[in-house]
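Structure file data_14.tsv; described as TSV, C-alpha atoms.
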```
chain	number	residue	atom	x	y	z
A	992	MET	CA	-53.93	-5.82	52.83
A	993	LYS	CA	-50.27	-5.22	51.99
A	994	ARG	CA	-51.27	-3.15	48.95
A	995	LEU	CA	-53.58	-1.06	51.13
A	996	ILE	CA	-50.83	-0.45	53.69
A	997	TYR	CA	-48.37	0.55	50.95
A	998	LEU	CA	-50.97	2.87	49.43
A	999	LEU	CA	-51.68	4.57	52.75
A	1000	PHE	CA	-47.94	4.95	53.38
A	1001	ALA	CA	-47.44	6.51	49.94
A	1002	ILE	CA	-50.34	8.94	50.48
A	1003	CYS	CA	-48.99	10.03	53.89
A	1004	THR	CA	-45.53	10.53	52.41
A	1005	LEU	CA	-46.89	12.66	49.56
A	1006	LEU	CA	-48.95	14.76	51.96
A	1007	THR	CA	-45.79	15.46	53.96
A	1008	VAL	CA	-43.73	16.37	50.89
A	1009	LEU	CA	-46.39	18.55	49.28
A	1010	SER	CA	-47.36	20.45	52.39
A	1011	SER	CA	-46.20	24.06	52.57
A	1012	CYS	CA	-43.69	25.43	55.09
A	1013	TRP	CA	-45.44	26.46	58.31
A	1014	SER	CA	-43.60	29.79	58.37
A	1015	ALA	CA	-44.12	30.65	54.69
A	1016	SER	CA	-45.56	34.02	53.68
A	1017	GLU	CA	-46.88	35.28	50.39
A	1018	ILE	CA	-44.45	37.64	48.66
A	1019	ASN	CA	-47.14	40.27	48.20
A	1020	GLY	CA	-47.45	40.42	51.98
A	1021	LEU	CA	-43.74	41.04	52.63
A	1022	ALA	CA	-41.63	44.18	52.91
A	1023	LEU	CA	-38.39	43.09	51.22
A	1024	LEU	CA	-35.37	44.55	53.00
A	1025	MET	CA	-32.75	44.80	50.25
A	1026	GLY	CA	-29.96	46.42	52.24
A	1027	VAL	CA	-29.15	47.23	55.86
A	1028	GLY	CA	-27.07	50.23	56.87
A	1029	ILE	CA	-25.72	50.50	60.42
A	1030	ASP	CA	-24.34	53.76	61.82
A	1031	ALA	CA	-23.27	54.73	65.31
A	1032	ALA	CA	-25.72	57.00	67.18
A	1033	GLU	CA	-25.50	58.84	70.49
A	1034	ASP	CA	-25.20	57.06	73.84
A	1035	GLY	CA	-23.98	53.83	72.28
A	1036	GLN	CA	-27.10	53.30	70.21
A	1037	TYR	CA	-27.33	52.30	66.56
A	1038	LYS	CA	-29.00	54.05	63.66
A	1039	ILE	CA	-30.43	51.46	61.29
A	1040	ILE	CA	-31.13	52.37	57.68
A	1041	GLY	CA	-33.36	49.94	55.81
A	1042	GLN	CA	-33.52	50.08	52.03
A	1043	PHE	CA	-36.73	48.43	50.85
A	1044	ALA	CA	-37.84	47.40	47.38
A	1045	ASN	CA	-40.82	49.55	46.44
A	1046	ALA	CA	-43.75	47.16	46.03
A	1047	ALA	CA	-45.70	49.87	44.19
A	1048	ASN	CA	-43.00	49.86	41.51
A	1049	PHE	CA	-43.32	46.16	40.66
A	1050	GLY	CA	-44.66	45.33	37.21
A	1051	ALA	CA	-43.96	46.09	33.58
A	1052	ASP	CA	-45.45	49.59	33.65
A	1053	ALA	CA	-43.60	50.72	36.77
A	1054	SER	CA	-42.00	54.13	36.47
A	1055	GLY	CA	-41.59	55.28	40.07
A	1056	LYS	CA	-38.65	55.04	42.42
A	1057	ALA	CA	-37.52	51.47	42.93
A	1058	TYR	CA	-36.70	51.78	46.63
A	1059	THR	CA	-37.57	53.50	49.89
A	1060	ASN	CA	-35.22	54.25	52.80
A	1061	LEU	CA	-36.49	54.12	56.38
A	1062	THR	CA	-34.44	54.79	59.53
A	1063	GLN	CA	-34.76	54.07	63.23
A	1064	VAL	CA	-32.46	54.58	66.22
A	1065	GLY	CA	-32.31	52.26	69.22
A	1066	ASP	CA	-30.30	50.00	71.49
A	1067	GLY	CA	-28.69	47.09	69.70
A	1068	ILE	CA	-29.76	45.93	66.24
A	1069	GLN	CA	-33.03	44.13	66.96
A	1070	THR	CA	-34.89	47.07	68.54
A	1071	PRO	CA	-34.53	49.56	65.66
A	1072	LEU	CA	-35.17	46.80	63.12
A	1073	ARG	CA	-38.36	45.90	65.00
A	1074	ASP	CA	-39.36	49.56	64.97
A	1075	LEU	CA	-38.80	49.62	61.20
A	1076	GLY	CA	-41.25	46.76	60.92
A	1077	ASN	CA	-43.82	48.77	62.89
A	1078	MET	CA	-43.60	51.51	60.24
A	1079	LEU	CA	-44.61	49.14	57.46
A	1080	SER	CA	-47.91	47.78	56.24
A	1081	ARG	CA	-46.26	44.44	55.48
A	1082	LYS	CA	-44.26	41.81	57.32
A	1083	LEU	CA	-40.57	42.75	57.52
A	1084	TYR	CA	-38.46	40.15	55.72
A	1085	THR	CA	-34.66	40.35	56.09
A	1086	GLY	CA	-33.78	37.11	54.29
A	1087	HIS	CA	-33.51	38.86	50.91
A	1088	ALA	CA	-30.94	41.46	52.04
A	1089	GLN	CA	-28.21	41.85	49.45
A	1090	VAL	CA	-25.65	43.74	51.54
A	1091	ILE	CA	-24.89	45.00	55.05
A	1092	THR	CA	-23.07	48.34	55.21
A	1093	ILE	CA	-21.34	49.47	58.41
A	1094	GLY	CA	-20.58	53.15	59.00
A	1095	ARG	CA	-16.98	53.99	59.85
A	1096	GLU	CA	-17.66	55.03	63.45
A	1097	ALA	CA	-19.72	51.92	64.12
A	1098	ALA	CA	-16.91	49.76	62.68
A	1099	GLU	CA	-14.35	51.53	64.88
A	1100	ASN	CA	-16.55	50.93	67.95
A	1101	GLY	CA	-16.64	47.19	67.27
A	1102	MET	CA	-18.54	44.64	65.19
A	1103	ARG	CA	-19.45	42.01	67.78
A	1104	ASP	CA	-23.01	43.22	68.51
A	1105	ILE	CA	-23.71	43.51	64.79
A	1106	LEU	CA	-22.36	40.07	63.96
A	1107	ASP	CA	-24.11	38.50	66.94
A	1108	TYR	CA	-27.52	39.65	65.70
A	1109	PHE	CA	-27.11	38.53	62.10
A	1110	CYS	CA	-25.65	35.18	63.13
A	1111	ARG	CA	-28.58	34.46	65.44
A	1112	SER	CA	-31.27	35.62	63.01
A	1113	SER	CA	-33.04	32.72	61.31
A	1114	ASP	CA	-33.61	34.88	58.20
A	1115	ALA	CA	-30.05	36.15	57.71
A	1116	ARG	CA	-27.58	34.39	55.44
A	1117	TYR	CA	-23.87	33.95	56.17
A	1118	SER	CA	-23.16	34.71	52.49
A	1119	ILE	CA	-24.33	38.35	52.74
A	1120	PRO	CA	-21.49	40.72	51.71
A	1121	LEU	CA	-20.24	43.20	54.32
A	1122	PHE	CA	-18.97	46.71	53.50
A	1123	VAL	CA	-17.56	49.55	55.56
A	1124	ALA	CA	-18.61	53.07	54.58
A	1125	ASP	CA	-15.77	55.59	54.47
A	1126	ASN	CA	-18.14	57.98	56.26
A	1127	THR	CA	-21.66	56.79	57.06
A	1128	ALA	CA	-23.84	54.00	55.71
A	1129	GLU	CA	-26.73	56.45	55.39
A	1130	GLU	CA	-24.67	58.58	52.98
A	1131	LEU	CA	-24.23	55.60	50.65
A	1132	TYR	CA	-27.89	54.61	50.80
A	1133	GLU	CA	-29.00	58.14	49.93
A	1134	LEU	CA	-27.14	58.18	46.62
A	1135	GLU	CA	-29.33	58.42	43.53
A	1136	PRO	CA	-27.96	55.82	41.07
A	1137	LYS	CA	-27.63	56.88	37.45
A	1138	ILE	CA	-27.71	53.38	35.99
A	1139	GLU	CA	-28.89	50.91	38.64
A	1140	ALA	CA	-32.33	50.81	40.23
A	1141	MET	CA	-31.16	51.20	43.84
A	1142	PRO	CA	-27.99	52.00	45.83
A	1143	VAL	CA	-27.61	48.48	47.24
A	1144	THR	CA	-27.38	47.20	43.66
A	1145	VAL	CA	-24.53	49.64	43.02
A	1146	LEU	CA	-22.64	48.23	46.02
A	1147	THR	CA	-23.09	44.59	45.03
A	1148	ASN	CA	-22.11	45.38	41.42
A	1149	LEU	CA	-18.89	46.99	42.65
A	1150	LEU	CA	-17.95	43.55	43.94
A	1151	THR	CA	-19.03	41.80	40.76
A	1152	ALA	CA	-16.83	44.12	38.70
A	1153	GLN	CA	-13.74	43.04	40.68
A	1154	LYS	CA	-13.27	40.03	38.41
A	1155	TYR	CA	-12.30	42.48	35.66
A	1156	ASN	CA	-10.16	44.91	37.67
A	1157	THR	CA	-9.51	43.54	41.14
A	1158	MET	CA	-9.06	46.17	43.85
A	1159	CYS	CA	-10.75	44.47	46.79
A	1160	ALA	CA	-11.93	41.06	47.91
A	1161	LYS	CA	-15.50	40.04	48.60
A	1162	SER	CA	-16.01	39.49	52.31
A	1163	THR	CA	-19.14	37.91	53.71
A	1164	ILE	CA	-20.32	37.41	57.28
A	1165	ALA	CA	-18.80	33.91	57.16
A	1166	ASP	CA	-15.45	35.22	55.85
A	1167	PHE	CA	-15.21	37.91	58.51
A	1168	ILE	CA	-16.06	35.56	61.38
A	1169	SER	CA	-13.55	33.01	60.09
A	1170	ALA	CA	-10.80	35.66	60.15
A	1171	LEU	CA	-11.87	36.72	63.65
A	1172	LEU	CA	-11.25	33.17	64.88
A	1173	SER	CA	-7.60	33.36	63.82
A	1174	SER	CA	-5.10	34.48	66.45
A	1175	THR	CA	-2.74	35.92	63.82
A	1176	THR	CA	-4.76	37.07	60.78
A	1177	ALA	CA	-6.48	40.47	60.79
A	1178	PRO	CA	-9.86	40.67	59.02
A	1179	THR	CA	-10.49	43.19	56.24
A	1180	LEU	CA	-13.66	44.49	54.60
A	1181	PRO	CA	-14.16	46.50	51.38
A	1182	LEU	CA	-14.15	50.25	52.07
A	1183	ILE	CA	-16.67	52.28	50.03
A	1184	GLY	CA	-16.90	56.06	49.79
A	1185	VAL	CA	-18.70	58.74	47.78
A	1186	ASP	CA	-17.13	60.78	44.98
A	1187	LYS	CA	-16.59	64.55	45.32
A	1188	ASP	CA	-19.89	65.29	43.57
A	1189	ASN	CA	-21.82	62.98	45.94
A	1190	VAL	CA	-23.17	61.06	42.97
A	1191	HIS	CA	-21.26	57.78	42.71
A	1192	ALA	CA	-20.09	55.12	45.14
A	1193	VAL	CA	-16.32	54.66	44.89
A	1194	LEU	CA	-14.13	51.80	46.09
A	1195	ARG	CA	-11.59	53.31	48.50
A	1196	GLY	CA	-9.70	50.12	49.37
A	1197	ALA	CA	-10.03	48.01	52.51
A	1198	ALA	CA	-10.84	48.58	56.17
A	1199	VAL	CA	-8.42	46.75	58.49
A	1200	PHE	CA	-9.60	45.27	61.79
A	1201	LYS	CA	-7.85	44.19	64.96
A	1202	ASP	CA	-10.18	41.71	66.58
A	1203	ASP	CA	-13.59	43.24	65.84
A	1204	ARG	CA	-12.56	46.92	65.73
A	1205	MET	CA	-11.53	48.86	62.65
A	1206	ILE	CA	-8.03	50.27	63.25
A	1207	GLY	CA	-6.95	51.57	59.84
A	1208	THR	CA	-7.31	51.41	56.08
A	1209	LEU	CA	-5.52	50.25	52.96
A	1210	SER	CA	-5.73	52.30	49.77
A	1211	ALA	CA	-7.19	50.66	46.67
A	1212	TYR	CA	-3.69	49.91	45.35
A	1213	GLN	CA	-2.55	48.56	48.72
A	1214	ALA	CA	-5.66	46.36	48.85
A	1215	ARG	CA	-4.79	45.09	45.37
A	1216	ALA	CA	-1.26	44.21	46.51
A	1217	MET	CA	-2.72	42.40	49.53
A	1218	LEU	CA	-4.78	40.22	47.19
A	1219	VAL	CA	-1.70	39.43	45.10
A	1220	ILE	CA	0.07	38.17	48.23
A	1221	THR	CA	-2.92	36.13	49.41
A	1222	GLY	CA	-3.43	34.65	45.93
A	1223	GLU	CA	-6.88	36.20	45.43
A	1224	TYR	CA	-5.98	38.62	42.64
A	1225	ASN	CA	-8.02	38.02	39.47
A	1226	GLY	CA	-6.47	40.56	37.09
A	1227	GLY	CA	-6.51	44.19	36.10
A	1228	THR	CA	-4.06	46.86	34.98
A	1229	HIS	CA	-0.82	48.10	36.46
A	1230	GLU	CA	0.97	51.37	35.71
A	1231	VAL	CA	4.74	51.31	35.23
A	1232	ARG	CA	6.51	54.67	35.37
A	1233	THR	CA	9.35	54.76	32.82
A	1234	PRO	CA	12.69	56.63	33.18
A	1235	ASP	CA	11.67	59.20	30.57
A	1236	GLY	CA	8.62	60.23	32.63
A	1237	GLY	CA	6.14	58.23	30.56
A	1238	VAL	CA	3.68	55.55	31.62
A	1239	VAL	CA	3.18	52.02	30.36
A	1240	ASP	CA	-0.06	50.27	31.29
A	1241	LEU	CA	0.19	46.52	31.62
A	1242	ARG	CA	-2.86	44.29	31.47
A	1243	ILE	CA	-2.33	41.48	33.99
A	1244	ILE	CA	-3.76	38.27	32.60
A	1245	MET	CA	-2.41	35.86	35.22
A	1246	THR	CA	-0.67	35.94	38.60
A	1247	GLN	CA	0.96	33.17	40.55
A	1248	THR	CA	2.08	33.79	44.12
A	1249	ASN	CA	3.85	31.54	46.59
A	1250	VAL	CA	4.36	32.51	50.25
A	1251	THR	CA	7.18	30.45	51.77
A	1252	PRO	CA	7.99	30.60	55.50
A	1253	LYS	CA	11.63	30.05	56.49
A	1254	TYR	CA	13.23	29.21	59.81
A	1255	GLU	CA	16.98	29.73	60.00
A	1256	ASN	CA	19.25	30.36	63.00
A	1257	GLY	CA	16.25	30.66	65.29
A	1258	GLU	CA	14.62	33.37	63.18
A	1259	PHE	CA	11.46	33.22	61.09
A	1260	SER	CA	11.04	35.01	57.78
A	1261	ILE	CA	8.67	35.07	54.82
A	1262	ASN	CA	9.65	34.88	51.16
A	1263	ILE	CA	7.09	36.05	48.59
A	1264	THR	CA	7.53	34.81	45.02
A	1265	ALA	CA	5.17	36.46	42.55
A	1266	LYS	CA	4.92	35.90	38.79
A	1267	PHE	CA	2.92	38.26	36.55
A	1268	ARG	CA	1.97	37.48	32.97
A	1269	CYS	CA	1.01	40.69	31.15
A	1270	THR	CA	0.23	42.30	27.82
A	1271	LEU	CA	0.81	45.90	26.79
A	1272	SER	CA	-2.38	47.91	27.24
A	1273	SER	CA	-1.17	51.44	26.44
A	1274	VAL	CA	2.14	53.28	26.05
A	1275	THR	CA	2.72	57.00	26.62
A	1276	SER	CA	6.49	56.68	26.80
A	1277	GLY	CA	8.90	57.70	24.07
A	1278	ASP	CA	10.76	54.41	24.34
A	1279	GLU	CA	9.73	51.71	21.89
A	1280	TYR	CA	8.76	49.05	24.39
A	1281	TYR	CA	6.70	47.22	21.79
A	1282	LYS	CA	9.97	46.12	20.15
A	1283	SER	CA	11.43	42.79	21.19
A	1284	ASP	CA	14.80	44.20	22.28
A	1285	LYS	CA	13.05	46.58	24.68
A	1286	ARG	CA	10.76	44.04	26.28
A	1287	ARG	CA	13.30	42.79	28.81
A	1288	GLU	CA	14.00	46.34	29.90
A	1289	LEU	CA	10.29	46.92	30.49
A	1290	GLU	CA	9.97	43.63	32.36
A	1291	GLU	CA	12.76	44.71	34.76
A	1292	GLN	CA	11.03	48.04	35.34
A	1293	ALA	CA	7.76	46.20	35.99
A	1294	ASN	CA	9.53	43.89	38.47
A	1295	ALA	CA	10.64	46.91	40.49
A	1296	SER	CA	7.17	48.50	40.29
A	1297	PHE	CA	5.35	45.35	41.43
A	1298	GLN	CA	7.83	44.77	44.26
A	1299	SER	CA	7.48	48.37	45.46
A	1300	GLU	CA	3.70	47.91	45.67
A	1301	LEU	CA	3.99	44.64	47.61
A	1302	GLU	CA	6.59	46.11	49.99
A	1303	ASN	CA	4.36	49.11	50.61
A	1304	VAL	CA	1.33	47.11	51.74
A	1305	VAL	CA	3.47	44.86	53.96
A	1306	ASN	CA	5.04	47.93	55.59
A	1307	VAL	CA	1.60	49.48	56.19
A	1308	SER	CA	0.33	46.22	57.65
A	1309	GLN	CA	3.31	45.92	59.98
A	1310	GLY	CA	2.87	49.57	60.98
A	1311	LEU	CA	-0.72	48.78	62.01
A	1312	ASN	CA	0.49	45.54	63.64
A	1313	ALA	CA	-2.28	43.74	61.80
A	1314	CYS	CA	-1.26	40.89	59.50
A	1315	VAL	CA	-3.84	40.75	56.71
A	1316	PHE	CA	-1.95	38.08	54.74
A	1317	GLY	CA	-2.17	34.97	56.93
A	1318	PHE	CA	1.62	34.79	57.47
A	1319	GLY	CA	1.17	33.41	61.00
A	1320	GLU	CA	-0.92	30.51	59.76
A	1321	ASP	CA	1.58	29.79	56.96
A	1322	ILE	CA	4.41	29.66	59.50
A	1323	TYR	CA	2.47	27.44	61.88
A	1324	LYS	CA	1.56	24.95	59.14
A	1325	LYS	CA	5.20	24.49	58.17
A	1326	TYR	CA	6.80	24.79	61.61
A	1327	PRO	CA	4.14	23.82	64.20
A	1328	ARG	CA	6.64	23.03	66.98
A	1329	GLU	CA	9.19	25.76	66.38
A	1330	SER	CA	6.57	28.51	65.99
A	1331	LYS	CA	4.67	27.97	69.26
A	1332	GLU	CA	6.21	30.97	71.02
A	1333	LEU	CA	5.92	33.09	67.86
A	1334	ILE	CA	2.20	32.41	67.51
A	1335	GLU	CA	1.50	33.00	71.21
A	1336	ASN	CA	3.27	36.37	71.03
A	1337	TRP	CA	2.39	37.29	67.44
A	1338	ASP	CA	1.78	40.99	68.16
A	1339	GLU	CA	5.34	41.32	69.46
A	1340	TYR	CA	6.97	39.52	66.52
A	1341	TYR	CA	4.94	40.59	63.50
A	1342	PRO	CA	6.02	44.27	63.19
A	1343	ASN	CA	9.64	43.10	62.78
A	1344	LEU	CA	9.04	39.94	60.74
A	1345	LYS	CA	11.48	39.87	57.81
A	1346	VAL	CA	9.84	39.63	54.39
A	1347	THR	CA	11.78	39.13	51.14
A	1348	TYR	CA	10.55	39.26	47.55
A	1349	LYS	CA	11.25	37.63	44.22
A	1350	ILE	CA	9.28	39.11	41.32
A	1351	GLU	CA	9.08	37.91	37.73
A	1352	THR	CA	7.19	39.76	35.00
A	1353	ILE	CA	6.58	38.09	31.64
A	1354	LEU	CA	5.38	40.32	28.80
A	1355	ASP	CA	3.49	37.94	26.55
A	1356	SER	CA	2.22	40.36	23.94
A	1357	THR	CA	2.26	43.97	22.77
A	1358	GLY	CA	-1.47	43.80	22.11
A	1359	ALA	CA	-3.25	43.84	18.77
A	1360	ILE	CA	-0.57	46.02	17.14
A	1361	SER	CA	3.21	45.59	17.05
A	1362	GLU	CA	4.18	49.09	15.98
A	1363	LYS	CA	3.64	52.59	17.31
A	1364	ILE	CA	1.01	54.64	15.51
A	1365	GLU	CA	2.77	57.74	14.18
A	1366	GLN	CA	1.93	60.68	11.99
A	1367	ARG	CA	3.62	60.29	8.60
A	1368	ASN	CA	4.47	63.19	6.35
A	1369	ARG	CA	2.53	63.13	3.13
A	1370	GLY	CA	3.50	64.87	-0.05
A	1371	SER	CA	1.05	67.25	-1.64
```

Can you present the structure in this file as C-alpha cells?
Amino acid sequence: MKRLIYLLFAICTLLTVLSSCWSASEINGLALLMGVGIDAAEDGQYKIIGQFANAANFGADASGKAYTNLTQVGDGIQTPLRDLGNMLSRKLYTGHAQVITIGREAAENGMRDILDYFCRSSDARYSIPLFVADNTAEELYELEPKIEAMPVTVLTNLLTAQKYNTMCAKSTIADFISALLSSTTAPTLPLIGVDKDNVHAVLRGAAVFKDDRMIGTLSAYQARAMLVITGEYNGGTHEVRTPDGGVVDLRIIMTQTNVTPKYENGEFSINITAKFRCTLSSVTSGDEYYKSDKRRELEEQANASFQSELENVVNVSQGLNACVFGFGEDIYKKYPRESKELIENWDEYYPNLKVTYKIETILDSTGAISEKIEQRNRGS
C-alpha cells in the first residue's frame, strides 16, 4: 500500500512538472514586437511605432525585409498598442522587445505614463534598454540598416559597442526607476540621433532628466566624463592637444575613480581623484612623445586635458541643477547627520557645491613601436 501511495504521488508530481504553461502560445502564432517607439502626438496622445520581426522572412532561404513597422495613435500606451494588435493576423507579443525608444518631445513631456504601462505589463521585462531619440523615435525606426537586419538591432549594438569605446551607459527600465527614487540623483538615458545623410544611427550623448522630464542633454564627451566620475567607464580613446598644435591619441586601458565627500567649517565639498592608465595610440605632433624623457611632459598635458573634461561636465550638470553623479548619496552615506538639511534642500545647494580634482595619468607604453616612422634619404 505504501508503494502504491508513493507511486501515485510520483505520477501526480510528474504530471504537474511536465504540464505546459496555461498561457503559452506557439511561436508561429505570435507577432514578435522587437522594438517599441513612442512619440508625442496631438492633444496629449501618443504615437506608437511597433517594429515587428517579419515572419515571412524566417528560414534559410529568406531574402526579404527582416522587419515591418506599424504605427497607431491613441490615448496612453495600451490603447495604440491594442490597436496595433488588431492590425495583425497573429497574437501581439511584447515580451521579446529588445529596446524602447522615446521621442524627444515625449521625453520632455514626462515619462511616468510610459513607465507605468511597462511596469504593469506582465510581458515586459525590467531589463529592456531605454533610449531617447534626438528627434523622433519614428525617424530612428525608419532607417534602413546597411549591416544589421533591423533598426532595433542597430540600437542595441550601439550599447554593446560601448565596452570598446565608452560614450554612454546602458540604462534599463529598472535603472531609470531606481534613479527616479533618489531625491538627489538625476536620471540619464542614452541619446541617439541620425547622421546628416539619414542613413546611420549616431550616439549623441545622454538625455538628462529632472524627476521624469527631460530637461537637457550631455554631449558624447560630457557623457563619457560623467561615466568616469561614476566609475562606469570601460575604456576608449582620448585626444590630447599639444602645444605645437598637434594631437596625441591615448588609448585608455584602465581608470580608477574615487569620489570623496568632505565636511569642513560647516561646508560640504566633493573631491574627485581619477587615475588613467594609457598607451599611445597615434601621434600627429612634432614632439617626440614616444621617448622616455618626453613621457612625463605628455602625462602632465593629459592630466590637464582629463581635468578640463571632468570640470566641463560638472559645470553643465550644475547649470542644469541636475546631479547625474550621485554626489548627494555619497555625502549622505558619509555624513548622515550633518547632511540632513543639505539633502532636504538639494536643489538649493547643488549648483554651488564645490568640487575639486586630482588627476593622475600613467603612460604605460608607446604601443608596438618605440620610434617615429620617418622617411629616410636613400642614395642612388

- Task: Write out as an MDAnalysis selection string each polymer residue whose atoms come within 12 Å of range 1248-1256 of chain A, counting all atoms listed in the file; drop sequence neighbours fewer than 5 positions from it.
- Result: chainID A and resid 1216:1225 1261:1268 1301 1316:1330 1333 1344:1351

**Message:** Just want the 9 Å neighbourhood of range 1138-1144 of chain A, counted on all atoms listed in the file, with same-chain residues fewer than 2 positions away dropped. Output as a PyMOL selection string.
**Reply:** chain A and resi 1025-1027+1042+1044+1056-1058+1089-1091+1131-1136+1146-1149+1192

Could you save the residues just selected, with C-alpha atoms, as a PDB file, in the frame of the given file?
```pdb
ATOM      1  CA  MET A1025     -32.750  44.800  50.250  1.00  0.00           C
ATOM      2  CA  GLY A1026     -29.960  46.420  52.240  1.00  0.00           C
ATOM      3  CA  VAL A1027     -29.150  47.230  55.860  1.00  0.00           C
ATOM      4  CA  GLN A1042     -33.520  50.080  52.030  1.00  0.00           C
ATOM      5  CA  ALA A1044     -37.840  47.400  47.380  1.00  0.00           C
ATOM      6  CA  LYS A1056     -38.650  55.040  42.420  1.00  0.00           C
ATOM      7  CA  ALA A1057     -37.520  51.470  42.930  1.00  0.00           C
ATOM      8  CA  TYR A1058     -36.700  51.780  46.630  1.00  0.00           C
ATOM      9  CA  GLN A1089     -28.210  41.850  49.450  1.00  0.00           C
ATOM     10  CA  VAL A1090     -25.650  43.740  51.540  1.00  0.00           C
ATOM     11  CA  ILE A1091     -24.890  45.000  55.050  1.00  0.00           C
ATOM     12  CA  LEU A1131     -24.230  55.600  50.650  1.00  0.00           C
ATOM     13  CA  TYR A1132     -27.890  54.610  50.800  1.00  0.00           C
ATOM     14  CA  GLU A1133     -29.000  58.140  49.930  1.00  0.00           C
ATOM     15  CA  LEU A1134     -27.140  58.180  46.620  1.00  0.00           C
ATOM     16  CA  GLU A1135     -29.330  58.420  43.530  1.00  0.00           C
ATOM     17  CA  PRO A1136     -27.960  55.820  41.070  1.00  0.00           C
ATOM     18  CA  LEU A1146     -22.640  48.230  46.020  1.00  0.00           C
ATOM     19  CA  THR A1147     -23.090  44.590  45.030  1.00  0.00           C
ATOM     20  CA  ASN A1148     -22.110  45.380  41.420  1.00  0.00           C
ATOM     21  CA  LEU A1149     -18.890  46.990  42.650  1.00  0.00           C
ATOM     22  CA  ALA A1192     -20.090  55.120  45.140  1.00  0.00           C
TER      23      ALA A1192
END
```

How close does each residue of range 1254-1350 of chain A get to range 1205-1209 of chain A, giving the shortest atom pair and distance in Å to one decimal for every residue with an atom at most 10 Å away, counting all atoms listed in the file, sorted by chain and residue number, as a tab-separated table?
```
residue	atom	partner	partner_atom	distance
A:Val1304	CA	A:Leu1209	CA	7.6
A:Val1307	CA	A:Leu1209	CA	7.9
A:Ser1308	CA	A:Leu1209	CA	8.5
A:Leu1311	CA	A:Gly1207	CA	7.2
A:Asn1312	CA	A:Ile1206	CA	9.8
A:Ala1313	CA	A:Ile1206	CA	8.8
```

Restricting to all atoms listed in the file, whichever of A:Ser1162, A:Thr1059, A:Asn1294, A:Asn1126 is closest to Ile1093 in chain A is A:Asn1126

Among A:Asn1060, A:Thr1157, A:Gln1298, A:Thr1270, Glu1129 in chain A is approached most closely, using only C-alpha atoms, by A:Asn1060

CA of Asn1306 in chain A to CA of Ser1173 in chain A measures 21.0 Å

Atom pair CA of Val1238 in chain A + CA of Ala1214 in chain A, distance 21.6 Å

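Counting all atoms listed in the file, range 1099-1109 of chain A has the following residues at most 9 Å away, ignoring those fewer than 3 positions along the same chain: A:Ile1029, A:Ala1031, A:Gly1067, A:Ile1068, A:Gln1069, A:Ile1093, A:Gly1094, A:Arg1095, A:Glu1096, A:Ser1112, A:Ser1113, A:Asp1114, A:Ala1115, A:Arg1116, A:Tyr1117, A:Ile1164, A:Ile1168, A:Phe1200, A:Asp1202, A:Asp1203, A:Arg1204, A:Met1205, A:Ile1206, A:Gly1207.
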
(message) Ranking A:Asp1125, A:Val1274, A:Pro1071, A:Ala1295 by minimum distance to Asp1186 in chain A and counting only C-alpha atoms, which one comes first?
(response)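 With only C-alpha atoms as the atom set, the closest residue is A:Asp1125.
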
- prompt: CA of Gly1196 in chain A to CA of Val1064 in chain A: how many Å, to one decimal?
  reply: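 Computing it gives 28.7 Å between the two atoms.
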
Quiz item: A:Leu1072, A:Ser1273, A:Thr1228, A:Glu1332: which is nearest Tyr1084 in chain A, counting only C-alpha atoms?
Solution: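 Between A:Leu1072, A:Ser1273, A:Thr1228, A:Glu1332, the residue approaching Tyr1084 in chain A most closely is A:Leu1072.
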
Rebuild range 1320-1331 of chain A so that it carries N, CA and C atoms, then output the result as an mmCIF file, in the coordinates of the input.
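This is the output file out36.cif:
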```cif
data_model
loop_
_atom_site.group_PDB
_atom_site.id
_atom_site.type_symbol
_atom_site.label_atom_id
_atom_site.label_comp_id
_atom_site.auth_asym_id
_atom_site.auth_seq_id
_atom_site.Cartn_x
_atom_site.Cartn_y
_atom_site.Cartn_z
ATOM 1 N N GLU A 1320 -0.402 31.848 60.042
ATOM 2 C CA GLU A 1320 -0.920 30.510 59.760
ATOM 3 C C GLU A 1320 0.005 29.741 58.825
ATOM 4 N N ASP A 1321 0.615 30.452 57.858
ATOM 5 C CA ASP A 1321 1.580 29.790 56.960
ATOM 6 C C ASP A 1321 2.776 29.269 57.749
ATOM 7 N N ILE A 1322 3.263 30.076 58.681
ATOM 8 C CA ILE A 1322 4.410 29.660 59.500
ATOM 9 C C ILE A 1322 4.047 28.463 60.371
ATOM 10 N N TYR A 1323 2.872 28.512 60.982
ATOM 11 C CA TYR A 1323 2.470 27.440 61.880
ATOM 12 C C TYR A 1323 2.293 26.120 61.129
ATOM 13 N N LYS A 1324 1.758 26.181 59.915
ATOM 14 C CA LYS A 1324 1.560 24.950 59.140
ATOM 15 C C LYS A 1324 2.889 24.273 58.821
ATOM 16 N N LYS A 1325 3.911 25.075 58.550
ATOM 17 C CA LYS A 1325 5.200 24.490 58.170
ATOM 18 C C LYS A 1325 6.077 24.162 59.380
ATOM 19 N N TYR A 1326 5.968 24.990 60.418
ATOM 20 C CA TYR A 1326 6.800 24.790 61.610
ATOM 21 C C TYR A 1326 5.929 24.804 62.867
ATOM 22 N N PRO A 1327 5.072 23.791 63.060
ATOM 23 C CA PRO A 1327 4.140 23.820 64.200
ATOM 24 C C PRO A 1327 4.829 23.802 65.564
ATOM 25 N N ARG A 1328 5.939 23.094 65.691
ATOM 26 C CA ARG A 1328 6.640 23.030 66.980
ATOM 27 C C ARG A 1328 7.471 24.282 67.221
ATOM 28 N N GLU A 1329 8.273 24.643 66.220
ATOM 29 C CA GLU A 1329 9.190 25.760 66.380
ATOM 30 C C GLU A 1329 8.470 27.107 66.545
ATOM 31 N N SER A 1330 7.247 27.209 66.016
ATOM 32 C CA SER A 1330 6.570 28.510 65.990
ATOM 33 C C SER A 1330 5.634 28.730 67.175
ATOM 34 N N LYS A 1331 5.620 27.843 68.154
ATOM 35 C CA LYS A 1331 4.670 27.970 69.260
ATOM 36 C C LYS A 1331 4.796 29.315 69.963
#
```
